[in-house]
Amino acid sequence: MTEELKDIQKEENIVYKKSSLLTDNVMHYCPGCTHGVVHKLVAEVIEEMGIQGDTIGVSPVGCSVLAYNYIDIDWQEAAHGRAPALATAVSRLHPEKYVFTYQGDGDLASIGCAEIMHACNRGENIVVIFINNAIYGMTGGQMAPTTMIGQVTATTPYGRDVKLNGYNMKITELIAQLPGTCYVTRESAHTPASVRKTKKAIRKAFENAGQNKGTSFVEVVGTCSSGWKLTPEKANEWMVDNSFKEYPLGTMKDE
Amino acid sequence: MTEEIIIAGFGGQGVLSMGKILAYSGIMQDKEVAWMPSYGPEMRGGTANVTVIISDERISSPILQKFDTAIVLNQQSLDKFEEQIKVGGTLVYDPNGITKEPTRKDINIYKIEGNALATELGNAKTFNMIILGAFMKVKPILSLEDVEKGLGKSLPERHHKLIPMNMKAVQCGMDNIKVVQEL
Amino acid sequence: MAEVRLMKGNEVIAEAAIRCGCDGYFGYPITPQSEVMETLMIRKPWEETGMVVLQAESEVASINMVYGGASCGKKVMTSSSSPGVSLMQEGITYLAGAEIPALVVNVVRGGPGLGTIQPAQSDYYQTCKGGGHGDYRLIVLAPASVQEMNDFVDLSFELAFKYRNPAMILSDGVIGQMMEKVTLSPYKARWTDEEIEEISGSWATTGKKANRSKNVSTSLELDSDKQEEFNLHLGRKYKAMEENEVRYEKISCDDAEYMFVAYGSSARICQKAIEICRERGIKAGLLRPITLYPFPTKQIKEMVPQLKGVLSVELSMGQMVDDVRLAVNGAIPVEHYGHVGGIIHSPEEIADALETLIIKA
């Protein structure tokens with residue numbers, strides 16, 4: 001290391017550093033994946049709120065199955081789709097704790113549709129972080145309930161066909177109808193501004209939990225470069241052109 | 001002493017609750033008891049039956065094919081359980097609605113006009129207690145005092161005011177049982 | 001003074017849960033065990049002991065609520081009946097794989113499929129031979145009386161925490177619906193946070209403390225070497241259970257020449273069958289497995305020299321008989337007898353079966 005660099009690396013010169021809650025484990029996510037950014041935001045919010053010892057995360061099955069390797073808090077690894085059921089019990093048995101699920105679109109909107117609907121409808125005092133990249137990433141890019149009409153995936157090789165596969169599910173709009181939810185928003189993490197905005201939303205969701213306000217639901221529309229077979233940059237463009245039309249950003253409910 | 005009893009009739013006749021009072025009365029006398037109902041859709045208005053066992057010893061099977069006593073309150077139950085009474089055992093039945101009288105010659109048979117008596121008492125709900133009284137007369141294994149205590153245990157507190165009426169019905173059953181045949 | 005009551009088996013499960021300091025119950029209605037949750041809702045234990053009770057949206061959700069709650073080191077349980085327990089199998093294997101102690105009560109009804117709501121003992125394979133995927137075992141207790149329904153709730157939690165393994169009470173519609181005299185257990189306080197820290201602090205997800213590394217409740221291991229090591233660790237645990245936790249009861253076995261092996265309601269009926277057999281001059285006895293896993297293999301084997309034959313009695317087409325045959329290992333005849341579909345065998349039928357299937361065969 002040069003003398004010049006050493007000179008720069010002083011505490012007073014630090015403008016950014018990794019959250020102390022992010023572990024040193026190398027993330028398995030693909031380049032350009034939205035998960036890494038959202039993991040960082042969750043870790044930062046927990047750290048900034050000083051609730052590391054009071055937070056229990058529930059990870060899903062899907063790409064973020066190993067979320068527990070990356071954020072240094074207590075975790076439970078749920079069966080596919082069942083994270084809201086686990087979180088329900090944790091929250092009921094530990095009403096003073098911050099409990100959140102971290103789920104993808106296949107986990108939350110397909111196999112776990114019943115669990116998320118009922119947890120939200122009961123108004124469980126939990127935070128739900130929902131990453132919607134419109135595809136099953138972990139298993140190799142198959143159709144998700146949020147896969148859009150015409151979108152090509154491994155199981156819709158000619159594009160999603162309504163006759164064959166039905167429509168893409170806008171589950172966040174459904175969730176917003178449920179009286180148990182207090183905060184439902186759809187964000188993204190593809191620009192510095194949107195990342196900052198998403199962090200605010202996650203922070204608000206955790207603060208709601210601290211105030212026992214019910215279920216807070218933060219969807220983050222994301223990309224899957226590998227599944228979509230696009231470069232990270234192109235994937236972002238595709239998302240803006242396509243995903244945002246089907247899944248418009250914005251807060252649907254804030255009570 | 002072990003007394004194996006089947007009580008059978010229509011749902012709504014108070015068959016299960018009568019069995020429960022009988023079982024609770026047994027507990028008051030420090031006996032071992034078991035109460036095994038038939039359950040399922042048949043409970044909703046069809047036939048209902050319950051096995052009650054009262055014993056000085058640990059009770060083995062709650063599922064029985066032969067009974068010391070059968071208390072039957074409709075024709076279907078008489079058809080089914082008359083033949084399941086042990087030789088020398090006892091049948092107590094209400095003749096109301098019975099078109100085919102019991103035929104066994106090797107058992108004791110008693111009749112109790114429970115329906116008619118309940119109407120006379122002015123409270124149809126006391127029907128099952130009249131039947132219980134009749135049983136107690138022919139099988140004095142339980143004391144009146146224990147039945148009263150058993151009622152107190154099995155009825156919720158808010159219904160305790162009904163205990164005197166129920167005990168009157170028990171007495172009525174004891175007084176009005178008729179011998180059809182005794183060995 | 002001990003409290004004596006007349007209660008249904010299902011009702012007493014609820015009462016015993018409250019009294020043993022259970023922290024949470026998560027369930028879904030199904031006949032013939034709905035009285036468990038109904039009793040809890042009437043009792044409102046959240047006002048008394050702080051116990052949480054929740055009607056879930058499905059059995060799938062119930063068992064996963066159990067997984068979440070139990071992962072916090074809490075005493076958590078669910079109950080269901082056969083079709084519901086089939087739905088729970090995924091959660092049960094996750095509990096076993098994550099080594100989470102919890103209690104599942106199965107009040108068995110006849111199957112397969114939706115089957116009947118009447119009693120059966122046809123879930124022995126599901127309970128003792130897998131049910132869910134992967135190499136795992138449940139601690140299985142089979143109550144034969146309402147008193148044992150009471151006693152086994154606390155015992156199940158004790159064993160579950162001792163081995164960090166899910167436990168199941170395998171009951172049936174007879175024991176669940178029957179009322180008997182029961183002496184209720186004295187109240188035990190629920191564990192405090194400090195006690196949970198002491199008992200389960202090394203694994204429970206109660207929020208990461210500054211003085212320890214994070215706890216993760218998971219059954220996932222992508223490294224095959226580590227997964228094999230974990231499976232071997234489970235194997236050692238099961239071996240310890242087999243050595244230390246076998247429970248059984250012998251009735252009229254001292255001079256027995258023929259022996260019934262039966263658990264739960266069938267064991268009760270066999271007791272009466274023994275009386276009938278002995279009136280007929282047949283020296284019959286009963287070995288009643290109380291733990292179905294670990295199974296009393298050794299105890300059955302030890303009886304073989306004095307016996308001429310064994311009749312395994314179960315409300316099934318013959319499931320437990322496999323384990324009885326393994327124990328007897330061909331030394332003497334072993335047969336199965338049992339009604340199915342919700343029909344319950346009578347003591348007389350069992351006595352007759354011993355004669356036709358074993359003695360005269």
# chains A, B, ... in the order shown; residues from 1 in each chain; ligands from 1

call {"tool": "select_by_dssp", "arguments": {"residues": "region 67-197 of chain C", "states": "alpha helix (DSSP H)", "output": "number ranges by chain"}}
result
C: 67-70, 82-97, 124-128, 146-163, 173-177, 193-197

call {"tool": "write_last_selection", "arguments": {"atoms": "C-alpha atoms", "output": "PDB file, in the first residue's frame"}}
result
ATOM      1  CA  TYR C  67     -41.245 -24.550  13.779  1.00  0.00           C
ATOM      2  CA  GLY C  68     -40.918 -20.782  14.181  1.00  0.00           C
ATOM      3  CA  GLY C  69     -42.003 -20.687  17.810  1.00  0.00           C
ATOM      4  CA  ALA C  70     -40.031 -23.741  18.846  1.00  0.00           C
ATOM      5  CA  SER C  82     -54.325 -38.213  10.149  1.00  0.00           C
ATOM      6  CA  PRO C  83     -55.065 -36.151   6.989  1.00  0.00           C
ATOM      7  CA  GLY C  84     -53.875 -33.031   8.770  1.00  0.00           C
ATOM      8  CA  VAL C  85     -50.741 -34.764   9.993  1.00  0.00           C
ATOM      9  CA  SER C  86     -49.997 -35.809   6.400  1.00  0.00           C
ATOM     10  CA  LEU C  87     -49.986 -32.110   5.507  1.00  0.00           C
ATOM     11  CA  MET C  88     -47.608 -31.454   8.392  1.00  0.00           C
ATOM     12  CA  GLN C  89     -44.965 -33.940   7.309  1.00  0.00           C
ATOM     13  CA  GLU C  90     -42.854 -31.309   5.578  1.00  0.00           C
ATOM     14  CA  GLY C  91     -42.687 -29.237   8.748  1.00  0.00           C
ATOM     15  CA  ILE C  92     -41.992 -32.295  10.869  1.00  0.00           C
ATOM     16  CA  THR C  93     -38.950 -33.310   8.841  1.00  0.00           C
ATOM     17  CA  TYR C  94     -37.702 -29.701   8.988  1.00  0.00           C
ATOM     18  CA  LEU C  95     -38.061 -29.802  12.778  1.00  0.00           C
ATOM     19  CA  ALA C  96     -36.057 -33.031  12.872  1.00  0.00           C
ATOM     20  CA  GLY C  97     -33.476 -31.648  10.458  1.00  0.00           C
ATOM     21  CA  TYR C 124     -47.868 -46.308  12.487  1.00  0.00           C
ATOM     22  CA  TYR C 125     -45.806 -46.383   9.308  1.00  0.00           C
ATOM     23  CA  GLN C 126     -46.181 -42.649   8.793  1.00  0.00           C
ATOM     24  CA  THR C 127     -45.161 -41.927  12.359  1.00  0.00           C
ATOM     25  CA  CYS C 128     -42.438 -44.478  12.996  1.00  0.00           C
ATOM     26  CA  VAL C 146     -56.956 -40.374  29.337  1.00  0.00           C
ATOM     27  CA  GLN C 147     -54.506 -40.256  32.247  1.00  0.00           C
ATOM     28  CA  GLU C 148     -51.658 -41.015  29.857  1.00  0.00           C
ATOM     29  CA  MET C 149     -52.910 -38.314  27.461  1.00  0.00           C
ATOM     30  CA  ASN C 150     -52.341 -35.996  30.409  1.00  0.00           C
ATOM     31  CA  ASP C 151     -49.010 -37.415  31.514  1.00  0.00           C
ATOM     32  CA  PHE C 152     -47.437 -37.715  28.068  1.00  0.00           C
ATOM     33  CA  VAL C 153     -47.708 -34.022  27.206  1.00  0.00           C
ATOM     34  CA  ASP C 154     -45.152 -33.054  29.810  1.00  0.00           C
ATOM     35  CA  LEU C 155     -43.108 -36.201  29.172  1.00  0.00           C
ATOM     36  CA  SER C 156     -43.024 -35.485  25.432  1.00  0.00           C
ATOM     37  CA  PHE C 157     -41.649 -31.998  26.004  1.00  0.00           C
ATOM     38  CA  GLU C 158     -39.107 -33.385  28.457  1.00  0.00           C
ATOM     39  CA  LEU C 159     -37.849 -35.959  25.948  1.00  0.00           C
ATOM     40  CA  ALA C 160     -38.042 -33.529  23.028  1.00  0.00           C
ATOM     41  CA  PHE C 161     -35.780 -31.036  24.788  1.00  0.00           C
ATOM     42  CA  LYS C 162     -33.493 -33.750  26.155  1.00  0.00           C
ATOM     43  CA  TYR C 163     -32.738 -34.926  22.613  1.00  0.00           C
ATOM     44  CA  GLY C 173     -60.244 -41.466  18.112  1.00  0.00           C
ATOM     45  CA  VAL C 174     -61.045 -43.849  20.974  1.00  0.00           C
ATOM     46  CA  ILE C 175     -58.596 -42.337  23.447  1.00  0.00           C
ATOM     47  CA  GLY C 176     -59.318 -38.810  22.206  1.00  0.00           C
ATOM     48  CA  GLN C 177     -63.101 -39.038  22.489  1.00  0.00           C
ATOM     49  CA  ASP C 193     -36.187 -15.849  29.147  1.00  0.00           C
ATOM     50  CA  GLU C 194     -33.244 -16.571  31.456  1.00  0.00           C
ATOM     51  CA  GLU C 195     -34.200 -20.240  31.754  1.00  0.00           C
ATOM     52  CA  ILE C 196     -34.574 -20.535  27.975  1.00  0.00           C
ATOM     53  CA  GLU C 197     -31.138 -18.957  27.628  1.00  0.00           C
TER      54      GLU C 197
END

call {"tool": "interface_residues", "arguments": {"of": "chain C", "to": "chain A", "cutoff": "9 Å", "atoms": "only C-alpha atoms", "output": "PyMOL selection string"}}
result
chain C and resi 23-24+26+51-52+54+56-58+60-72+74+90-91+94+204-210+213-220

call {"tool": "write_last_selection", "arguments": {"atoms": "C-alpha atoms", "output": "mmCIF file, in the first residue's frame"}}
result
data_model
loop_
_atom_site.group_PDB
_atom_site.id
_atom_site.type_symbol
_atom_site.label_atom_id
_atom_site.label_comp_id
_atom_site.auth_asym_id
_atom_site.auth_seq_id
_atom_site.Cartn_x
_atom_site.Cartn_y
_atom_site.Cartn_z
ATOM 1 C CA ASP C 23 -45.761 -21.489 25.528
ATOM 2 C CA GLY C 24 -47.776 -21.874 22.370
ATOM 3 C CA PHE C 26 -51.000 -23.576 16.803
ATOM 4 C CA MET C 51 -49.581 -19.255 26.646
ATOM 5 C CA VAL C 52 -50.274 -18.234 23.040
ATOM 6 C CA LEU C 54 -53.758 -19.453 17.509
ATOM 7 C CA ALA C 56 -53.908 -21.192 11.814
ATOM 8 C CA GLU C 57 -55.117 -21.107 8.226
ATOM 9 C CA SER C 58 -54.042 -24.701 7.565
ATOM 10 C CA VAL C 60 -49.223 -26.532 6.830
ATOM 11 C CA ALA C 61 -49.202 -23.163 8.551
ATOM 12 C CA SER C 62 -49.706 -24.718 12.017
ATOM 13 C CA ILE C 63 -46.646 -26.912 11.857
ATOM 14 C CA ASN C 64 -44.554 -24.079 10.475
ATOM 15 C CA MET C 65 -45.749 -21.814 13.269
ATOM 16 C CA VAL C 66 -44.590 -24.581 15.587
ATOM 17 C CA TYR C 67 -41.245 -24.550 13.779
ATOM 18 C CA GLY C 68 -40.918 -20.782 14.181
ATOM 19 C CA GLY C 69 -42.003 -20.687 17.810
ATOM 20 C CA ALA C 70 -40.031 -23.741 18.846
ATOM 21 C CA SER C 71 -36.932 -22.345 17.149
ATOM 22 C CA CYS C 72 -37.031 -19.662 19.839
ATOM 23 C CA LYS C 74 -40.167 -22.184 23.537
ATOM 24 C CA GLU C 90 -42.854 -31.309 5.578
ATOM 25 C CA GLY C 91 -42.687 -29.237 8.748
ATOM 26 C CA TYR C 94 -37.702 -29.701 8.988
ATOM 27 C CA ALA C 204 -32.481 -20.805 20.165
ATOM 28 C CA THR C 205 -33.162 -17.785 17.945
ATOM 29 C CA THR C 206 -34.022 -15.297 20.650
ATOM 30 C CA GLY C 207 -32.118 -12.355 19.198
ATOM 31 C CA LYS C 208 -28.335 -12.312 18.843
ATOM 32 C CA LYS C 209 -26.602 -11.332 22.056
ATOM 33 C CA ALA C 210 -23.310 -9.441 21.927
ATOM 34 C CA SER C 213 -22.359 -15.670 17.458
ATOM 35 C CA LYS C 214 -25.684 -15.717 15.636
ATOM 36 C CA ASN C 215 -28.019 -18.672 16.053
ATOM 37 C CA VAL C 216 -29.586 -20.048 12.901
ATOM 38 C CA SER C 217 -32.393 -22.558 12.880
ATOM 39 C CA THR C 218 -31.907 -24.403 9.616
ATOM 40 C CA SER C 219 -31.928 -27.852 8.081
ATOM 41 C CA LEU C 220 -29.978 -26.811 4.990
#

call {"tool": "atom_distance", "arguments": {"atom1": "CA of Pro296 (chain C)", "atom2": "CA of Val324 (chain C)"}}
result
9.0 Å

call {"tool": "residues_around", "arguments": {"residues": "region 163-174 of chain B", "least_positions_apart": "5", "cutoff": "8 Å", "atoms": "only C-alpha atoms", "output": "ChimeraX atom specification"}}
result
/B:112,114,117-118,121,126-127,129-137,148,151-152

call {"tool": "write_last_selection", "arguments": {"atoms": "C-alpha atoms", "output": "mmCIF file, in the first residue's frame"}}
result
data_model
loop_
_atom_site.group_PDB
_atom_site.id
_atom_site.type_symbol
_atom_site.label_atom_id
_atom_site.label_comp_id
_atom_site.auth_asym_id
_atom_site.auth_seq_id
_atom_site.Cartn_x
_atom_site.Cartn_y
_atom_site.Cartn_z
ATOM 1 C CA ILE B 112 -89.829 -46.805 32.438
ATOM 2 C CA GLY B 114 -89.716 -41.622 30.694
ATOM 3 C CA LEU B 117 -93.347 -38.854 33.125
ATOM 4 C CA ALA B 118 -91.230 -35.959 31.874
ATOM 5 C CA LEU B 121 -93.224 -33.209 35.489
ATOM 6 C CA THR B 126 -85.658 -34.084 32.714
ATOM 7 C CA PHE B 127 -86.309 -37.168 30.575
ATOM 8 C CA MET B 129 -82.723 -38.047 34.634
ATOM 9 C CA ILE B 130 -85.928 -40.053 34.998
ATOM 10 C CA ILE B 131 -84.242 -42.854 33.066
ATOM 11 C CA LEU B 132 -81.158 -42.512 35.272
ATOM 12 C CA GLY B 133 -83.375 -42.816 38.361
ATOM 13 C CA ALA B 134 -84.922 -45.988 36.983
ATOM 14 C CA PHE B 135 -81.460 -47.453 36.408
ATOM 15 C CA MET B 136 -80.402 -46.573 39.952
ATOM 16 C CA LYS B 137 -83.410 -48.362 41.368
ATOM 17 C CA GLU B 148 -76.346 -35.065 43.178
ATOM 18 C CA LEU B 151 -74.682 -33.389 38.648
ATOM 19 C CA GLY B 152 -72.923 -30.501 40.353
#

call {"tool": "atom_distance", "arguments": {"atom1": "CA of Arg186 (chain A)", "atom2": "CA of Ser19 (chain A)"}}
result
24.0 Å

call {"tool": "closest_atom_pairs", "arguments": {"of": "chain B", "to": "chain C", "cutoff": "12 Å", "atoms": "only C-alpha atoms", "output": "CSV"}}
result
residue,atom,partner,partner_atom,distance
B:Leu16,CA,C:Met179,CA,10.9
B:Ser17,CA,C:Met179,CA,11.7
B:Gly19,CA,C:Met179,CA,10.1
B:Lys20,CA,C:Leu6,CA,8.3
B:Ile21,CA,C:Leu6,CA,9.9
B:Leu22,CA,C:Leu6,CA,10.9
B:Ala23,CA,C:Leu6,CA,7.6
B:Tyr24,CA,C:Leu6,CA,6.5
B:Ser25,CA,C:Leu6,CA,10.1
B:Gly26,CA,C:Lys181,CA,9.4
B:Ile27,CA,C:Lys181,CA,7.0
B:Met28,CA,C:Val4,CA,9.8
B:Gln29,CA,C:Lys181,CA,11.8
B:Asp30,CA,C:Lys181,CA,9.6
B:Lys31,CA,C:Lys181,CA,8.8
B:Glu32,CA,C:Lys181,CA,6.6
B:Val33,CA,C:Glu180,CA,5.6
B:Ala34,CA,C:Glu180,CA,4.6
B:Trp35,CA,C:Met179,CA,4.8
B:Met36,CA,C:Met178,CA,4.6
B:Pro37,CA,C:Met178,CA,6.7
B:Ser38,CA,C:Gln177,CA,8.7
B:Tyr39,CA,C:Gln118,CA,7.7
B:Gly40,CA,C:Ile117,CA,6.9
B:Pro41,CA,C:Ile117,CA,9.3
B:Glu42,CA,C:Ile117,CA,11.5
B:Val50,CA,C:Met178,CA,9.6
B:Thr51,CA,C:Met178,CA,9.4
B:Val52,CA,C:Met179,CA,9.3
B:Ile53,CA,C:Glu180,CA,9.5
B:Ile54,CA,C:Glu180,CA,10.1
B:Ser55,CA,C:Lys181,CA,11.5
B:Arg58,CA,C:Gln271,CA,10.4
B:Ile59,CA,C:Arg268,CA,8.3
B:Ser60,CA,C:Arg268,CA,5.1
B:Ser61,CA,C:Ile269,CA,4.2
B:Pro62,CA,C:Ile269,CA,7.1
B:Ile63,CA,C:Ser346,CA,6.3
B:Leu64,CA,C:Ser346,CA,5.8
B:Gln65,CA,C:Ser346,CA,5.9
B:Lys66,CA,C:Glu348,CA,9.1
B:Gln84,CA,C:Ser346,CA,12.0
B:Gly150,CA,C:Leu6,CA,10.1
B:Lys153,CA,C:Arg5,CA,8.8
B:Ser154,CA,C:Leu6,CA,8.6

call {"tool": "write_last_selection", "arguments": {"atoms": "N, CA and C atoms", "output": "CSV table (one decimal), in the first residue's frame"}}
result
chain,number,residue,atom,x,y,z
B,16,LEU,N,-75.8,-38.9,26.0
B,16,LEU,CA,-74.4,-38.6,26.4
B,16,LEU,C,-74.3,-38.0,27.7
B,17,SER,N,-75.1,-37.0,28.0
B,17,SER,CA,-75.0,-36.3,29.3
B,17,SER,C,-75.4,-37.2,30.4
B,19,GLY,N,-74.9,-40.3,30.5
B,19,GLY,CA,-73.7,-41.1,30.8
B,19,GLY,C,-72.6,-40.4,31.5
B,20,LYS,N,-72.5,-39.1,31.2
B,20,LYS,CA,-71.5,-38.3,31.9
B,20,LYS,C,-71.8,-38.1,33.4
B,21,ILE,N,-73.1,-37.9,33.7
B,21,ILE,CA,-73.5,-37.8,35.1
B,21,ILE,C,-73.3,-39.1,35.8
B,22,LEU,N,-73.6,-40.2,35.2
B,22,LEU,CA,-73.3,-41.5,35.8
B,22,LEU,C,-71.9,-41.7,36.1
B,23,ALA,N,-71.0,-41.3,35.1
B,23,ALA,CA,-69.6,-41.4,35.3
B,23,ALA,C,-69.1,-40.5,36.4
B,24,TYR,N,-69.6,-39.3,36.4
B,24,TYR,CA,-69.1,-38.4,37.5
B,24,TYR,C,-69.6,-38.9,38.8
B,25,SER,N,-70.8,-39.5,38.9
B,25,SER,CA,-71.2,-40.0,40.2
B,25,SER,C,-70.3,-41.1,40.6
B,26,GLY,N,-69.8,-41.9,39.7
B,26,GLY,CA,-68.9,-43.0,40.0
B,26,GLY,C,-67.6,-42.4,40.6
B,27,ILE,N,-67.1,-41.3,40.0
B,27,ILE,CA,-65.9,-40.7,40.5
B,27,ILE,C,-66.1,-40.2,42.0
B,28,MET,N,-67.3,-39.7,42.2
B,28,MET,CA,-67.7,-39.2,43.6
B,28,MET,C,-67.5,-40.4,44.6
B,29,GLN,N,-67.7,-41.6,44.1
B,29,GLN,CA,-67.6,-42.7,45.0
B,29,GLN,C,-66.3,-43.4,44.9
B,30,ASP,N,-65.3,-42.6,44.3
B,30,ASP,CA,-63.9,-43.1,44.2
B,30,ASP,C,-63.8,-44.3,43.3
B,31,LYS,N,-64.7,-44.5,42.4
B,31,LYS,CA,-64.5,-45.6,41.5
B,31,LYS,C,-63.8,-45.2,40.2
B,32,GLU,N,-63.3,-46.2,39.5
B,32,GLU,CA,-62.7,-46.0,38.2
B,32,GLU,C,-63.9,-45.9,37.2
B,33,VAL,N,-63.8,-45.0,36.2
B,33,VAL,CA,-64.9,-44.8,35.2
B,33,VAL,C,-64.3,-44.6,33.8
B,34,ALA,N,-65.1,-45.0,32.9
B,34,ALA,CA,-64.8,-44.7,31.4
B,34,ALA,C,-66.1,-44.4,30.7
B,35,TRP,N,-66.1,-43.5,29.8
B,35,TRP,CA,-67.2,-43.0,29.1
B,35,TRP,C,-66.8,-42.9,27.6
B,36,MET,N,-67.4,-43.8,26.8
B,36,MET,CA,-66.9,-43.9,25.4
B,36,MET,C,-68.1,-43.7,24.5
B,37,PRO,N,-68.2,-42.6,23.8
B,37,PRO,CA,-69.4,-42.3,23.0
B,37,PRO,C,-69.2,-42.8,21.5
B,38,SER,N,-70.3,-43.0,20.8
B,38,SER,CA,-70.1,-43.0,19.4
B,38,SER,C,-70.1,-41.6,19.0
B,39,TYR,N,-69.3,-41.3,17.9
B,39,TYR,CA,-69.3,-39.9,17.5
B,39,TYR,C,-69.3,-39.7,16.0
B,40,GLY,N,-69.5,-38.5,15.6
B,40,GLY,CA,-69.6,-38.3,14.1
B,40,GLY,C,-70.9,-37.7,13.8
B,41,PRO,N,-71.2,-37.7,12.4
B,41,PRO,CA,-72.4,-37.1,11.9
B,41,PRO,C,-73.7,-37.6,12.6
B,42,GLU,N,-73.6,-38.9,13.0
B,42,GLU,CA,-74.7,-39.5,13.6
B,42,GLU,C,-75.2,-38.8,14.9
B,50,VAL,N,-73.6,-44.4,24.2
B,50,VAL,CA,-72.4,-44.2,25.0
B,50,VAL,C,-72.2,-45.4,25.9
B,51,THR,N,-71.0,-45.9,26.0
B,51,THR,CA,-70.6,-47.0,26.9
B,51,THR,C,-70.1,-46.3,28.2
B,52,VAL,N,-70.7,-46.7,29.3
B,52,VAL,CA,-70.2,-46.2,30.6
B,52,VAL,C,-69.8,-47.4,31.4
B,53,ILE,N,-68.6,-47.4,31.9
B,53,ILE,CA,-68.1,-48.5,32.8
B,53,ILE,C,-67.7,-47.9,34.1
B,54,ILE,N,-68.2,-48.5,35.2
B,54,ILE,CA,-67.9,-48.1,36.6
B,54,ILE,C,-67.3,-49.3,37.3
B,55,SER,N,-66.2,-49.2,37.9
B,55,SER,CA,-65.5,-50.3,38.4
B,55,SER,C,-64.7,-50.0,39.6
B,58,ARG,N,-59.0,-51.1,37.8
B,58,ARG,CA,-58.6,-50.4,36.6
B,58,ARG,C,-59.4,-51.0,35.5
B,59,ILE,N,-59.9,-50.1,34.6
B,59,ILE,CA,-60.8,-50.5,33.6
B,59,ILE,C,-60.0,-51.0,32.3
B,60,SER,N,-60.3,-52.1,31.8
B,60,SER,CA,-59.6,-52.6,30.6
B,60,SER,C,-60.2,-51.9,29.4
B,61,SER,N,-61.0,-52.7,28.6
B,61,SER,CA,-61.5,-52.2,27.3
B,61,SER,C,-62.7,-51.2,27.5
B,62,PRO,N,-62.6,-50.1,26.8
B,62,PRO,CA,-63.7,-49.2,26.7
B,62,PRO,C,-64.6,-49.6,25.6
B,63,ILE,N,-64.2,-50.5,24.8
B,63,ILE,CA,-64.9,-51.0,23.6
B,63,ILE,C,-65.5,-52.4,24.0
B,64,LEU,N,-66.8,-52.6,24.0
B,64,LEU,CA,-67.4,-53.8,24.5
B,64,LEU,C,-68.4,-54.4,23.5
B,65,GLN,N,-68.5,-55.7,23.6
B,65,GLN,CA,-69.5,-56.4,22.8
B,65,GLN,C,-70.7,-56.9,23.7
B,66,LYS,N,-70.4,-57.0,24.9
B,66,LYS,CA,-71.4,-57.6,25.9
B,66,LYS,C,-71.5,-56.6,27.1
B,84,GLN,N,-76.9,-58.0,22.9
B,84,GLN,CA,-75.6,-57.8,23.4
B,84,GLN,C,-75.6,-57.7,25.0
B,150,GLY,N,-72.5,-35.6,41.4
B,150,GLY,CA,-72.0,-35.8,40.0
B,150,GLY,C,-72.7,-34.7,39.1
B,153,LYS,N,-70.9,-31.5,39.4
B,153,LYS,CA,-69.7,-31.5,38.7
B,153,LYS,C,-69.9,-31.4,37.2
B,154,SER,N,-70.9,-32.0,36.7
B,154,SER,CA,-71.0,-32.1,35.2
B,154,SER,C,-71.8,-30.9,34.7

call {"tool": "select_by_dssp", "arguments": {"residues": "region 24-164 of chain B", "states": "strand (DSSP E)", "output": "count of residues only"}}
result
34

call {"tool": "atom_distance", "arguments": {"atom1": "CA of Asp106 (chain B)", "atom2": "CA of Lys86 (chain B)"}}
result
8.8 Å

call {"tool": "residues_around", "arguments": {"residues": "Lys139 (chain B)", "least_positions_apart": "6", "cutoff": "10 Å", "atoms": "only C-alpha atoms", "output": "number ranges by chain"}}
result
B: 3, 69, 90, 133

call {"tool": "write_last_selection", "arguments": {"atoms": "C-alpha atoms", "output": "PDB file, in the first residue's frame"}}
result
ATOM      1  CA  GLU B   3     -70.690 -52.529  35.775  1.00  0.00           C
ATOM      2  CA  THR B  69     -76.924 -53.348  31.497  1.00  0.00           C
ATOM      3  CA  THR B  90     -80.412 -56.123  32.714  1.00  0.00           C
ATOM      4  CA  GLY B 133     -83.375 -42.816  38.361  1.00  0.00           C
TER       5      GLY B 133
END

call {"tool": "residues_around", "arguments": {"residues": "region 126-128 of chain A", "least_positions_apart": "6", "cutoff": "8 Å", "atoms": "only C-alpha atoms", "output": "VMD selection string"}}
result
chain A and resid 87 to 88 91 98 to 103 205 to 206 209 214 to 218
